[in-house]
Amino acid sequence: MTHSYDKHEGRKTVMMSFLLVCDESDTLNEFERCLEGLPDISLQKVTSGQDALDLVKDKANKVDLAVVDQMVGGMPGIRWVEQMLPLNPMVNTALVSSLSDEDFHEYTEGLGVLMRIPLDPDKTTVTRVVERLVKVLSLYQTPGA
Amino acid sequence: MISGRIAVPSMENGGLDGMRAGHFGHCDVFTLIDVKDGEIIEVKTINNMEHVQGGCMVPVNLLASHNVNALIVGGIGMRPLMGFQQVGIDVYHDAERPEIRPVVEDLIAGKLSVIRQDQVCGGGGGH
């Protein structure tokens, strides 16, 4: 299932495009609810790992950040990230995990995951994700050429 | 390599006689070596950008914007490797020698290998 909606359509601001990739579990429901309260966020939610891969593969679909649940389509979320990277490495990712930050860093080393999402994400989590994404995207804009 | 621009992640001020940085995302500068007809014609350095977690595509954009054709690394993660491949920068691997000059000379002489998928850094969840 895919549904999408834009907030503040028509505003002359840069939208950040979020893709929530999850099973039918409700882990990311609160994350989604908190995102809805923020301006300039475009949000899509996909509950099929393959549909999500097809979406990011088509570079006409702008995805700034894929927020990936612990399990996607019966496989660990990290496997989805590994399958996604060859298709479109420009897509940033955040991954739901119960690991400590230190263990998570080792678990995802080399995959360039933006940050760990706890099992019970709240507004503070969403704020941190957005701030981190804004920082990374700002560095893309200043290549120093 | 007959002609093109080579980038080497470098420590401190870099340069052809400088030392390589082990982690390309955390290097101080990139040494850029321009090669024409198999000869080095110019060497310069560019500053690396701020490194933040998850920002490993930043140096990909940086080097692509400087028209780099080849990168020599001691190690690299899967995501930046995919990124460099996407923007058309060939990634070569030498994990042994810390000096810049010998790996550059070997690349020009065609003695350096393109990095293989099984040489990327990281566990990737226990791989």
# chains A, B, ... in the order shown; residues from 1 in each chain; ligands from 1
$ residues_around --residues "range 98-113 of chain A" --least-positions-apart "5" --cutoff "9 Å" --atoms "only C-alpha atoms" --output "ChimeraX atom specification"
/A:70,78,81-82,85,92-93,118-119 /B:53-57,76-80,120-126
$ residues_around --residues "Leu65 in chain A" --least-positions-apart "5" --cutoff "9 Å" --atoms "only C-alpha atoms" --output "list in words"
Met16, Ser17, Phe18, Leu19, Leu20, Val91, Asn92, Thr93, Ala94, Leu114 and Leu133 of chain A
$ residues_around --residues "range 87-96 of chain B" --least-positions-apart "4" --cutoff "8 Å" --atoms "only C-alpha atoms" --output "short mmCIF file (atom, residue, chain, number, x, y, z; two decimals) with N, CA and C atoms, in the first residue's frame"
data_model
loop_
_atom_site.label_atom_id
_atom_site.label_comp_id
_atom_site.auth_asym_id
_atom_site.auth_seq_id
_atom_site.Cartn_x
_atom_site.Cartn_y
_atom_site.Cartn_z
N VAL B 60 31.39 12.23 -2.10
CA VAL B 60 31.06 11.78 -3.46
C VAL B 60 30.69 12.99 -4.31
N ALA B 64 32.97 14.54 -7.36
CA ALA B 64 32.32 14.61 -8.68
C ALA B 64 32.31 16.05 -9.19
N VAL B 68 36.68 14.47 -10.79
CA VAL B 68 37.60 13.36 -10.50
C VAL B 68 37.18 12.12 -11.30
N ASN B 69 38.15 11.40 -11.82
CA ASN B 69 37.88 10.17 -12.58
C ASN B 69 38.19 8.91 -11.80
N ALA B 70 39.16 9.01 -10.88
CA ALA B 70 39.57 7.81 -10.14
C ALA B 70 39.92 8.18 -8.70
N LEU B 71 39.59 7.29 -7.80
CA LEU B 71 39.86 7.49 -6.37
C LEU B 71 40.62 6.27 -5.86
N ILE B 72 41.65 6.54 -5.03
CA ILE B 72 42.41 5.44 -4.43
C ILE B 72 42.13 5.42 -2.93
N VAL B 73 41.61 4.30 -2.44
CA VAL B 73 41.26 4.21 -1.02
C VAL B 73 41.95 3.00 -0.38
N GLY B 74 42.07 3.09 0.96
CA GLY B 74 42.50 1.94 1.72
C GLY B 74 41.30 1.15 2.20
N GLY B 75 40.18 1.84 2.29
CA GLY B 75 38.92 1.21 2.69
C GLY B 75 37.78 2.15 2.37
N LEU B 81 30.78 3.67 -1.96
CA LEU B 81 31.25 2.96 -3.16
C LEU B 81 30.16 2.96 -4.23
N GLY B 83 27.88 5.11 -4.47
CA GLY B 83 27.76 6.49 -4.92
C GLY B 83 28.81 6.86 -5.95
N VAL B 103 51.22 4.74 -4.75
CA VAL B 103 49.93 4.21 -5.23
C VAL B 103 49.47 4.96 -6.47
N LEU B 112 47.20 -1.05 -10.31
CA LEU B 112 46.30 -1.02 -9.16
C LEU B 112 44.94 -1.58 -9.56
N SER B 113 44.32 -2.34 -8.66
CA SER B 113 43.05 -2.99 -8.99
C SER B 113 41.86 -2.16 -8.50
N VAL B 114 40.79 -2.24 -9.26
CA VAL B 114 39.53 -1.65 -8.82
C VAL B 114 39.05 -2.44 -7.61
N ILE B 115 38.51 -1.74 -6.62
CA ILE B 115 38.07 -2.41 -5.40
C ILE B 115 36.94 -3.38 -5.71
#
$ residues_around --residues "Gly14 in chain B" --least-positions-apart "6" --cutoff "12 Å" --atoms "only C-alpha atoms" --output "list in words"
Ala7, Val8, Arg20, Ala21, Cys27, Asp28, Val29, Phe30, Thr31, Leu32, Ile33, Val43, Lys44, Thr45, Ile46, Asn47, Asn48, Pro98, Glu99, Ile100 and Arg101 of chain B
$ write_last_selection --atoms "C-alpha atoms" --output "mmCIF file, in the first residue's frame"
data_model
loop_
_atom_site.group_PDB
_atom_site.id
_atom_site.type_symbol
_atom_site.label_atom_id
_atom_site.label_comp_id
_atom_site.auth_asym_id
_atom_site.auth_seq_id
_atom_site.Cartn_x
_atom_site.Cartn_y
_atom_site.Cartn_z
ATOM 1 C CA ALA B 7 41.979 11.747 -5.971
ATOM 2 C CA VAL B 8 43.703 10.409 -2.876
ATOM 3 C CA ARG B 20 47.246 8.821 2.762
ATOM 4 C CA ALA B 21 44.312 8.907 5.171
ATOM 5 C CA CYS B 27 40.554 12.750 5.663
ATOM 6 C CA ASP B 28 41.900 16.279 6.063
ATOM 7 C CA VAL B 29 42.242 16.992 2.348
ATOM 8 C CA PHE B 30 42.027 15.247 -0.988
ATOM 9 C CA THR B 31 45.140 15.335 -3.131
ATOM 10 C CA LEU B 32 44.147 15.706 -6.784
ATOM 11 C CA ILE B 33 46.612 14.526 -9.415
ATOM 12 C CA VAL B 43 49.003 18.281 -8.247
ATOM 13 C CA LYS B 44 46.723 20.252 -5.961
ATOM 14 C CA THR B 45 44.644 19.693 -2.837
ATOM 15 C CA ILE B 46 41.092 20.465 -1.844
ATOM 16 C CA ASN B 47 39.741 20.509 1.686
ATOM 17 C CA ASN B 48 37.420 17.745 2.759
ATOM 18 C CA PRO B 98 50.585 4.723 3.532
ATOM 19 C CA GLU B 99 52.373 7.006 1.063
ATOM 20 C CA ILE B 100 50.552 8.796 -1.750
ATOM 21 C CA ARG B 101 53.195 8.740 -4.464
#
$ closest_residue --among "B:Val58, B:Ile108, B:Met1, B:Met19" --to "chain A" --atoms "only C-alpha atoms"
B:Val58
$ select_by_dssp --residues "range 50-103 of chain B" --states "strand (DSSP E or B)" --output "ChimeraX atom specification"
/B:70-73,77,90-93,99
$ write_last_selection --atoms "C-alpha atoms" --output "PDB file, in the first residue's frame"
ATOM      1  CA  ALA B  70      39.571   7.809 -10.143  1.00  0.00           C
ATOM      2  CA  LEU B  71      39.857   7.489  -6.371  1.00  0.00           C
ATOM      3  CA  ILE B  72      42.413   5.441  -4.430  1.00  0.00           C
ATOM      4  CA  VAL B  73      41.263   4.206  -1.021  1.00  0.00           C
ATOM      5  CA  GLY B  77      31.885   1.589   2.854  1.00  0.00           C
ATOM      6  CA  ASP B  90      36.393   4.423 -10.499  1.00  0.00           C
ATOM      7  CA  VAL B  91      37.516   3.336  -7.017  1.00  0.00           C
ATOM      8  CA  TYR B  92      40.903   1.633  -6.675  1.00  0.00           C
ATOM      9  CA  HIS B  93      42.158  -0.187  -3.622  1.00  0.00           C
ATOM     10  CA  GLU B  99      52.373   7.006   1.063  1.00  0.00           C
TER      11      GLU B  99
END
$ residues_around --residues "Arg128 in chain A" --least-positions-apart "2" --cutoff "12 Å" --atoms "only C-alpha atoms" --output "number ranges by chain"
A: 31, 34-35, 94, 114-118, 121-126, 130-135
$ write_last_selection --atoms "C-alpha atoms" --output "mmCIF file, in the first residue's frame"
data_model
loop_
_atom_site.group_PDB
_atom_site.id
_atom_site.type_symbol
_atom_site.label_atom_id
_atom_site.label_comp_id
_atom_site.auth_asym_id
_atom_site.auth_seq_id
_atom_site.Cartn_x
_atom_site.Cartn_y
_atom_site.Cartn_z
ATOM 1 C CA PHE A 31 6.889 8.715 14.004
ATOM 2 C CA CYS A 34 4.939 13.547 14.636
ATOM 3 C CA LEU A 35 6.071 14.183 11.069
ATOM 4 C CA ALA A 94 17.301 5.857 9.218
ATOM 5 C CA LEU A 114 21.877 8.600 9.152
ATOM 6 C CA MET A 115 20.746 7.499 12.596
ATOM 7 C CA ARG A 116 19.082 4.858 14.716
ATOM 8 C CA ILE A 117 15.370 5.132 15.399
ATOM 9 C CA PRO A 118 14.339 3.690 18.781
ATOM 10 C CA PRO A 121 10.067 7.059 18.540
ATOM 11 C CA ASP A 122 8.604 10.319 19.767
ATOM 12 C CA LYS A 123 8.625 13.971 18.805
ATOM 13 C CA THR A 124 12.212 14.378 20.030
ATOM 14 C CA THR A 125 13.304 11.528 17.778
ATOM 15 C CA VAL A 126 11.611 13.109 14.777
ATOM 16 C CA VAL A 130 14.968 16.215 10.664
ATOM 17 C CA GLU A 131 17.880 18.241 12.044
ATOM 18 C CA ARG A 132 20.377 15.576 10.978
ATOM 19 C CA LEU A 133 18.847 15.368 7.511
ATOM 20 C CA VAL A 134 18.850 19.144 7.085
ATOM 21 C CA LYS A 135 22.541 19.157 8.049
#
$ atom_distance --atom1 "CA of Phe24 in chain B" --atom2 "CA of Leu63 in chain B"
11.6 Å
$ closest_residue --among "A:Gly77, A:Ser97, A:Pro86, A:Val129" --to "chain B" --atoms "only C-alpha atoms"
A:Pro86
$ atom_distance --atom1 "CA of Lys36 in chain B" --atom2 "CA of Ile2 in chain B"
6.2 Å
$ atom_distance --atom1 "CA of Val68 in chain A" --atom2 "CA of Val96 in chain A"
6.1 Å
$ select_by_dssp --residues "chain A" --states "alpha helix (DSSP H)" --output "PDB file with C-alpha atoms, in the first residue's frame"
ATOM      1  CA  ASN A  29       2.830   5.200  13.482  1.00  0.00           C
ATOM      2  CA  GLU A  30       3.928   7.652  16.154  1.00  0.00           C
ATOM      3  CA  PHE A  31       6.889   8.715  14.004  1.00  0.00           C
ATOM      4  CA  GLU A  32       4.458   9.372  11.159  1.00  0.00           C
ATOM      5  CA  ARG A  33       2.100  11.292  13.446  1.00  0.00           C
ATOM      6  CA  CYS A  34       4.939  13.547  14.636  1.00  0.00           C
ATOM      7  CA  LEU A  35       6.071  14.183  11.069  1.00  0.00           C
ATOM      8  CA  GLU A  36       2.593  15.327  10.144  1.00  0.00           C
ATOM      9  CA  GLY A  49       9.671  -3.830   0.721  1.00  0.00           C
ATOM     10  CA  GLN A  50       9.630  -4.482  -3.013  1.00  0.00           C
ATOM     11  CA  ASP A  51       7.289  -1.572  -3.684  1.00  0.00           C
ATOM     12  CA  ALA A  52       9.645   0.649  -1.701  1.00  0.00           C
ATOM     13  CA  LEU A  53      12.642  -0.582  -3.712  1.00  0.00           C
ATOM     14  CA  ASP A  54      10.775   0.082  -6.963  1.00  0.00           C
ATOM     15  CA  LEU A  55       9.947   3.562  -5.740  1.00  0.00           C
ATOM     16  CA  VAL A  56      13.517   4.591  -4.889  1.00  0.00           C
ATOM     17  CA  LYS A  57      14.883   2.931  -8.036  1.00  0.00           C
ATOM     18  CA  GLY A  77      15.293  -3.651   7.758  1.00  0.00           C
ATOM     19  CA  ILE A  78      19.056  -3.590   7.308  1.00  0.00           C
ATOM     20  CA  ARG A  79      18.713  -6.079   4.452  1.00  0.00           C
ATOM     21  CA  TRP A  80      16.304  -3.697   2.757  1.00  0.00           C
ATOM     22  CA  VAL A  81      18.919  -0.934   3.099  1.00  0.00           C
ATOM     23  CA  GLU A  82      21.548  -3.228   1.560  1.00  0.00           C
ATOM     24  CA  GLN A  83      19.258  -4.007  -1.364  1.00  0.00           C
ATOM     25  CA  MET A  84      18.363  -0.353  -1.836  1.00  0.00           C
ATOM     26  CA  ASP A 101      24.065   3.464  19.537  1.00  0.00           C
ATOM     27  CA  GLU A 102      27.524   1.896  19.716  1.00  0.00           C
ATOM     28  CA  ASP A 103      26.348  -1.530  18.566  1.00  0.00           C
ATOM     29  CA  PHE A 104      24.175   0.073  15.911  1.00  0.00           C
ATOM     30  CA  HIS A 105      27.138   1.961  14.508  1.00  0.00           C
ATOM     31  CA  GLU A 106      29.024  -1.301  14.117  1.00  0.00           C
ATOM     32  CA  TYR A 107      25.949  -3.142  12.795  1.00  0.00           C
ATOM     33  CA  LYS A 123       8.625  13.971  18.805  1.00  0.00           C
ATOM     34  CA  THR A 124      12.212  14.378  20.030  1.00  0.00           C
ATOM     35  CA  THR A 125      13.304  11.528  17.778  1.00  0.00           C
ATOM     36  CA  VAL A 126      11.611  13.109  14.777  1.00  0.00           C
ATOM     37  CA  THR A 127      13.185  16.484  15.552  1.00  0.00           C
ATOM     38  CA  ARG A 128      16.650  14.904  15.715  1.00  0.00           C
ATOM     39  CA  VAL A 129      16.096  13.071  12.429  1.00  0.00           C
ATOM     40  CA  VAL A 130      14.968  16.215  10.664  1.00  0.00           C
ATOM     41  CA  GLU A 131      17.880  18.241  12.044  1.00  0.00           C
ATOM     42  CA  ARG A 132      20.377  15.576  10.978  1.00  0.00           C
ATOM     43  CA  LEU A 133      18.847  15.368   7.511  1.00  0.00           C
ATOM     44  CA  VAL A 134      18.850  19.144   7.085  1.00  0.00           C
ATOM     45  CA  LYS A 135      22.541  19.157   8.049  1.00  0.00           C
ATOM     46  CA  VAL A 136      23.472  16.466   5.544  1.00  0.00           C
ATOM     47  CA  LEU A 137      21.433  18.016   2.749  1.00  0.00           C
ATOM     48  CA  SER A 138      23.056  21.384   3.421  1.00  0.00           C
ATOM     49  CA  LEU A 139      26.484  19.798   2.913  1.00  0.00           C
ATOM     50  CA  TYR A 140      25.331  18.486  -0.462  1.00  0.00           C
TER      51      TYR A 140
END
$ closest_residue --among "A:Leu95, A:Ala60, A:Cys22, A:Val72" --to "chain B" --atoms "only C-alpha atoms"
A:Leu95
